[in-house]
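Just below is one structure, and these are the notes that go with it.
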Amino acid sequence: MEELKCFPDTVHTGTKVLFFNLGEDESRAAFGILQQLRDRGVAAELYHEQAKFDRQFKYAEKKGIRYAVIIGAEELTAGQCNLREPAGSIPTTLSFDQLLEKTDF
């Protein structure tokens, strides 16, 4: 099927943004933002379980996901998130609105 070019180019595009799973409330907020990004055509996912940072970063690295969004308890209260690109770099603090306005995923 690939040889016949039956798949659109977007099929080969993997996840661009991984939202870390840091707890129930944080994940609920992350999922709402994730859905808004998806509505804008950004391939995003939420890590499937609550786990340590290391494990979630390794998952992102293994899948080639460029951006990690971290929403902890403090960030949730402030309406902010930390965006890391690539994993291990210094995070950038953004408001939820600024993250949604970002166009270079």
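Chain labels A, B, ... are given in the sequence in which chains occur in the structure tokens; within each chain residues are numbered consecutively from 1, and ligands are likewise numbered from 1 in the order shown.
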
(message) I'd like the neighbourhood of A:Ile90 as a PyMOL selection string, where a residue qualifies if any of its atoms comes within 12 Å (using only C-alpha atoms), though same-chain residues fewer than 6 positions away should be ignored.
(response) chain A and resi 67-68+82-84

Taking C-alpha atoms for each residue, export the selection above as a PDB file, in the first residue's frame.
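After the write, part.pdb holds the following:
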```
ATOM      1  CA  TYR A  67       8.171  18.253  22.959  1.00  0.00           C
ATOM      2  CA  ALA A  68       7.311  17.339  26.554  1.00  0.00           C
ATOM      3  CA  ASN A  82       6.693  23.723  31.401  1.00  0.00           C
ATOM      4  CA  LEU A  83       7.618  22.934  27.821  1.00  0.00           C
ATOM      5  CA  ARG A  84      10.822  21.012  27.147  1.00  0.00           C
TER       6      ARG A  84
END
```

(message) Would you pick out the contacts of A:Thr77 at 12 Å or less, using only C-alpha atoms, so that residues sharing its chain but fewer than 2 positions from it are not included, and give the list as a VMD selection string?
(response) chain A and resid 25 to 26 29 71 to 75 79 to 81 95 to 96

Give me every strand (DSSP E or B) residue in chain A, going by DSSP on the backbone, as a PDB file with all heavy atoms, in the first residue's frame.
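Produced file selection.pdb, reproduced below:
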```
ATOM      1  N   VAL A  17       3.886  16.079  20.598  1.00  0.00           N
ATOM      2  CA  VAL A  17       3.833  16.599  21.961  1.00  0.00           C
ATOM      3  C   VAL A  17       3.367  15.502  22.914  1.00  0.00           C
ATOM      4  O   VAL A  17       2.328  14.888  22.680  1.00  0.00           O
ATOM      5  CB  VAL A  17       2.867  17.806  22.062  1.00  0.00           C
ATOM      6  CG1 VAL A  17       2.832  18.364  23.473  1.00  0.00           C
ATOM      7  CG2 VAL A  17       3.223  18.886  21.063  1.00  0.00           C
ATOM      8  N   LEU A  18       4.155  15.279  23.971  1.00  0.00           N
ATOM      9  CA  LEU A  18       3.763  14.327  25.008  1.00  0.00           C
ATOM     10  C   LEU A  18       3.470  15.102  26.285  1.00  0.00           C
ATOM     11  O   LEU A  18       4.315  15.857  26.773  1.00  0.00           O
ATOM     12  CB  LEU A  18       4.879  13.316  25.281  1.00  0.00           C
ATOM     13  CG  LEU A  18       4.609  12.348  26.439  1.00  0.00           C
ATOM     14  CD1 LEU A  18       3.458  11.402  26.092  1.00  0.00           C
ATOM     15  CD2 LEU A  18       5.856  11.568  26.797  1.00  0.00           C
ATOM     16  N   PHE A  19       2.273  14.922  26.808  1.00  0.00           N
ATOM     17  CA  PHE A  19       1.911  15.498  28.102  1.00  0.00           C
ATOM     18  C   PHE A  19       2.236  14.479  29.173  1.00  0.00           C
ATOM     19  O   PHE A  19       1.801  13.328  29.095  1.00  0.00           O
ATOM     20  CB  PHE A  19       0.418  15.844  28.143  1.00  0.00           C
ATOM     21  CG  PHE A  19       0.064  17.081  27.383  1.00  0.00           C
ATOM     22  CD1 PHE A  19      -0.116  17.032  26.005  1.00  0.00           C
ATOM     23  CD2 PHE A  19      -0.088  18.291  28.030  1.00  0.00           C
ATOM     24  CE1 PHE A  19      -0.446  18.173  25.293  1.00  0.00           C
ATOM     25  CE2 PHE A  19      -0.417  19.436  27.331  1.00  0.00           C
ATOM     26  CZ  PHE A  19      -0.597  19.381  25.957  1.00  0.00           C
ATOM     27  N   ALA A  44      -0.709  14.905  19.506  1.00  0.00           N
ATOM     28  CA  ALA A  44      -0.341  14.974  20.921  1.00  0.00           C
ATOM     29  C   ALA A  44      -0.928  13.780  21.655  1.00  0.00           C
ATOM     30  O   ALA A  44      -1.939  13.219  21.248  1.00  0.00           O
ATOM     31  CB  ALA A  44      -0.865  16.273  21.531  1.00  0.00           C
ATOM     32  N   GLU A  45      -0.253  13.399  22.741  1.00  0.00           N
ATOM     33  CA  GLU A  45      -0.759  12.307  23.571  1.00  0.00           C
ATOM     34  C   GLU A  45      -0.412  12.550  25.028  1.00  0.00           C
ATOM     35  O   GLU A  45       0.494  13.322  25.346  1.00  0.00           O
ATOM     36  CB  GLU A  45      -0.224  10.949  23.113  1.00  0.00           C
ATOM     37  CG  GLU A  45       1.254  10.737  23.320  1.00  0.00           C
ATOM     38  CD  GLU A  45       1.722   9.368  22.854  1.00  0.00           C
ATOM     39  OE1 GLU A  45       2.097   9.239  21.673  1.00  0.00           O
ATOM     40  OE2 GLU A  45       1.724   8.437  23.691  1.00  0.00           O
ATOM     41  N   LEU A  46      -1.147  11.870  25.900  1.00  0.00           N
ATOM     42  CA  LEU A  46      -0.922  11.905  27.337  1.00  0.00           C
ATOM     43  C   LEU A  46      -0.299  10.572  27.723  1.00  0.00           C
ATOM     44  O   LEU A  46      -0.788   9.515  27.310  1.00  0.00           O
ATOM     45  CB  LEU A  46      -2.256  12.097  28.067  1.00  0.00           C
ATOM     46  CG  LEU A  46      -2.264  12.063  29.588  1.00  0.00           C
ATOM     47  CD1 LEU A  46      -1.440  13.207  30.175  1.00  0.00           C
ATOM     48  CD2 LEU A  46      -3.698  12.131  30.107  1.00  0.00           C
ATOM     49  N   TYR A  67       8.594  17.351  21.879  1.00  0.00           N
ATOM     50  CA  TYR A  67       8.171  18.253  22.959  1.00  0.00           C
ATOM     51  C   TYR A  67       7.555  17.481  24.121  1.00  0.00           C
ATOM     52  O   TYR A  67       6.737  16.586  23.912  1.00  0.00           O
ATOM     53  CB  TYR A  67       7.131  19.257  22.457  1.00  0.00           C
ATOM     54  CG  TYR A  67       7.653  20.206  21.419  1.00  0.00           C
ATOM     55  CD1 TYR A  67       7.505  19.942  20.063  1.00  0.00           C
ATOM     56  CD2 TYR A  67       8.301  21.372  21.792  1.00  0.00           C
ATOM     57  CE1 TYR A  67       7.987  20.817  19.108  1.00  0.00           C
ATOM     58  CE2 TYR A  67       8.789  22.251  20.842  1.00  0.00           C
ATOM     59  CZ  TYR A  67       8.619  21.970  19.504  1.00  0.00           C
ATOM     60  OH  TYR A  67       9.109  22.835  18.568  1.00  0.00           O
ATOM     61  N   ALA A  68       7.919  17.869  25.336  1.00  0.00           N
ATOM     62  CA  ALA A  68       7.311  17.339  26.554  1.00  0.00           C
ATOM     63  C   ALA A  68       6.651  18.495  27.290  1.00  0.00           C
ATOM     64  O   ALA A  68       7.273  19.533  27.495  1.00  0.00           O
ATOM     65  CB  ALA A  68       8.356  16.681  27.437  1.00  0.00           C
ATOM     66  N   VAL A  69       5.399  18.307  27.660  1.00  0.00           N
ATOM     67  CA  VAL A  69       4.671  19.317  28.421  1.00  0.00           C
ATOM     68  C   VAL A  69       4.442  18.769  29.823  1.00  0.00           C
ATOM     69  O   VAL A  69       3.902  17.679  29.995  1.00  0.00           O
ATOM     70  CB  VAL A  69       3.320  19.666  27.761  1.00  0.00           C
ATOM     71  CG1 VAL A  69       2.551  20.664  28.616  1.00  0.00           C
ATOM     72  CG2 VAL A  69       3.542  20.226  26.360  1.00  0.00           C
ATOM     73  N   ILE A  70       4.877  19.546  30.802  1.00  0.00           N
ATOM     74  CA  ILE A  70       4.792  19.120  32.194  1.00  0.00           C
ATOM     75  C   ILE A  70       3.887  20.082  32.943  1.00  0.00           C
ATOM     76  O   ILE A  70       4.153  21.284  32.996  1.00  0.00           O
ATOM     77  CB  ILE A  70       6.194  19.083  32.828  1.00  0.00           C
ATOM     78  CG1 ILE A  70       7.082  18.126  32.028  1.00  0.00           C
ATOM     79  CG2 ILE A  70       6.109  18.703  34.294  1.00  0.00           C
ATOM     80  CD1 ILE A  70       8.550  18.231  32.336  1.00  0.00           C
ATOM     81  N   GLN A  80      -0.223  27.366  34.213  1.00  0.00           N
ATOM     82  CA  GLN A  80       0.979  27.344  33.384  1.00  0.00           C
ATOM     83  C   GLN A  80       1.445  25.911  33.154  1.00  0.00           C
ATOM     84  O   GLN A  80       0.969  24.973  33.794  1.00  0.00           O
ATOM     85  CB  GLN A  80       2.112  28.114  34.067  1.00  0.00           C
ATOM     86  CG  GLN A  80       1.830  29.572  34.271  1.00  0.00           C
ATOM     87  CD  GLN A  80       2.965  30.264  35.010  1.00  0.00           C
ATOM     88  OE1 GLN A  80       3.635  29.660  35.844  1.00  0.00           O
ATOM     89  NE2 GLN A  80       3.175  31.528  34.708  1.00  0.00           N
ATOM     90  N   CYS A  81       2.418  25.779  32.265  1.00  0.00           N
ATOM     91  CA  CYS A  81       3.051  24.490  32.029  1.00  0.00           C
ATOM     92  C   CYS A  81       4.521  24.732  31.708  1.00  0.00           C
ATOM     93  O   CYS A  81       4.922  25.846  31.400  1.00  0.00           O
ATOM     94  CB  CYS A  81       2.377  23.750  30.879  1.00  0.00           C
ATOM     95  SG  CYS A  81       2.477  24.611  29.299  1.00  0.00           S
ATOM     96  N   ASN A  82       5.296  23.680  31.810  1.00  0.00           N
ATOM     97  CA  ASN A  82       6.693  23.723  31.401  1.00  0.00           C
ATOM     98  C   ASN A  82       6.822  22.937  30.108  1.00  0.00           C
ATOM     99  O   ASN A  82       6.376  21.791  30.034  1.00  0.00           O
ATOM    100  CB  ASN A  82       7.604  23.119  32.479  1.00  0.00           C
ATOM    101  CG  ASN A  82       7.701  24.026  33.687  1.00  0.00           C
ATOM    102  OD1 ASN A  82       7.904  25.219  33.551  1.00  0.00           O
ATOM    103  ND2 ASN A  82       7.536  23.467  34.868  1.00  0.00           N
ATOM    104  N   LEU A  83       7.426  23.560  29.125  1.00  0.00           N
ATOM    105  CA  LEU A  83       7.618  22.934  27.821  1.00  0.00           C
ATOM    106  C   LEU A  83       9.102  22.657  27.647  1.00  0.00           C
ATOM    107  O   LEU A  83       9.924  23.559  27.765  1.00  0.00           O
ATOM    108  CB  LEU A  83       7.124  23.863  26.706  1.00  0.00           C
ATOM    109  CG  LEU A  83       7.313  23.374  25.280  1.00  0.00           C
ATOM    110  CD1 LEU A  83       6.410  22.179  25.009  1.00  0.00           C
ATOM    111  CD2 LEU A  83       7.013  24.497  24.301  1.00  0.00           C
ATOM    112  N   ARG A  84       9.427  21.397  27.380  1.00  0.00           N
ATOM    113  CA  ARG A  84      10.822  21.012  27.147  1.00  0.00           C
ATOM    114  C   ARG A  84      10.978  20.527  25.725  1.00  0.00           C
ATOM    115  O   ARG A  84      10.185  19.734  25.245  1.00  0.00           O
ATOM    116  CB  ARG A  84      11.245  19.901  28.096  1.00  0.00           C
ATOM    117  CG  ARG A  84      11.418  20.401  29.490  1.00  0.00           C
ATOM    118  CD  ARG A  84      12.174  19.424  30.305  1.00  0.00           C
ATOM    119  NE  ARG A  84      12.369  19.993  31.634  1.00  0.00           N
ATOM    120  CZ  ARG A  84      13.239  19.537  32.483  1.00  0.00           C
ATOM    121  NH1 ARG A  84      14.003  18.531  32.171  1.00  0.00           N
ATOM    122  NH2 ARG A  84      13.364  20.099  33.661  1.00  0.00           N
ATOM    123  N   THR A  92      10.787  25.850  29.268  1.00  0.00           N
ATOM    124  CA  THR A  92      10.223  27.179  29.087  1.00  0.00           C
ATOM    125  C   THR A  92       8.860  27.179  29.764  1.00  0.00           C
ATOM    126  O   THR A  92       8.050  26.283  29.532  1.00  0.00           O
ATOM    127  CB  THR A  92      10.029  27.490  27.586  1.00  0.00           C
ATOM    128  OG1 THR A  92      11.287  27.355  26.927  1.00  0.00           O
ATOM    129  CG2 THR A  92       9.466  28.874  27.375  1.00  0.00           C
ATOM    130  N   THR A  93       8.610  28.170  30.606  1.00  0.00           N
ATOM    131  CA  THR A  93       7.316  28.267  31.271  1.00  0.00           C
ATOM    132  C   THR A  93       6.374  29.080  30.400  1.00  0.00           C
ATOM    133  O   THR A  93       6.692  30.193  29.981  1.00  0.00           O
ATOM    134  CB  THR A  93       7.456  28.923  32.660  1.00  0.00           C
ATOM    135  OG1 THR A  93       8.355  28.135  33.445  1.00  0.00           O
ATOM    136  CG2 THR A  93       6.119  29.003  33.370  1.00  0.00           C
ATOM    137  N   LEU A  94       5.219  28.493  30.120  1.00  0.00           N
ATOM    138  CA  LEU A  94       4.199  29.129  29.287  1.00  0.00           C
ATOM    139  C   LEU A  94       2.849  29.051  29.982  1.00  0.00           C
ATOM    140  O   LEU A  94       2.584  28.085  30.707  1.00  0.00           O
ATOM    141  CB  LEU A  94       4.065  28.406  27.942  1.00  0.00           C
ATOM    142  CG  LEU A  94       5.287  28.285  27.044  1.00  0.00           C
ATOM    143  CD1 LEU A  94       4.981  27.338  25.891  1.00  0.00           C
ATOM    144  CD2 LEU A  94       5.683  29.641  26.514  1.00  0.00           C
ATOM    145  N   SER A  95       2.009  30.037  29.727  1.00  0.00           N
ATOM    146  CA  SER A  95       0.627  29.909  30.180  1.00  0.00           C
ATOM    147  C   SER A  95      -0.049  28.891  29.264  1.00  0.00           C
ATOM    148  O   SER A  95       0.455  28.594  28.177  1.00  0.00           O
ATOM    149  CB  SER A  95      -0.100  31.255  30.100  1.00  0.00           C
ATOM    150  OG  SER A  95      -0.320  31.611  28.747  1.00  0.00           O
TER     151      SER A  95
END
```

Within 9 Å of A:Ala43 using only C-alpha atoms, minus same-chain residues under 6 positions, as a compact mmCIF listing (two decimals) with N, CA and C atoms, in the first residue's frame:
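Output (part-v3.txt):
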```txt
# COMPACT_ATOMS: atom_id res chain seq x y z
N THR A 13 3.37 10.86 10.23
CA THR A 13 3.71 11.84 11.25
C THR A 13 3.34 11.29 12.61
N GLY A 14 4.33 11.16 13.48
CA GLY A 14 4.08 10.64 14.82
C GLY A 14 3.72 11.75 15.78
N THR A 15 3.63 11.38 17.02
CA THR A 15 3.31 12.33 18.08
C THR A 15 4.37 13.41 18.17
N LYS A 16 3.94 14.64 18.25
CA LYS A 16 4.84 15.78 18.38
C LYS A 16 4.97 16.25 19.82
N VAL A 17 3.89 16.08 20.60
CA VAL A 17 3.83 16.60 21.96
C VAL A 17 3.37 15.50 22.91
N LEU A 18 4.15 15.28 23.97
CA LEU A 18 3.76 14.33 25.01
C LEU A 18 3.47 15.10 26.29
N LEU A 34 -4.60 19.04 25.53
CA LEU A 34 -4.24 18.09 24.47
C LEU A 34 -5.33 18.05 23.40
N LEU A 37 -5.16 21.07 21.22
CA LEU A 37 -4.05 20.98 20.27
C LEU A 37 -4.40 20.05 19.12
N PHE A 105 5.11 23.36 16.33
CA PHE A 105 5.27 22.00 16.85
C PHE A 105 5.74 21.09 15.76
```

(message) Just checking: using only C-alpha atoms, which residue out of A:Ile33, A:Ala51, A:Val42, A:Leu100 ends up closest to A:Phe20?
(response) A:Ala51

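Reported to one decimal place, the separation of atom CA of A:Lys102 from atom CA of A:Ala60 is 19.6 Å.
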
(request) From a DSSP pass on the backbone, collect the residues of chain A flagged as alpha helix (DSSP H) and hand them back as a VMD selection string. (result) chain A and resid 24 to 39 53 to 63 73 to 78 96 to 101
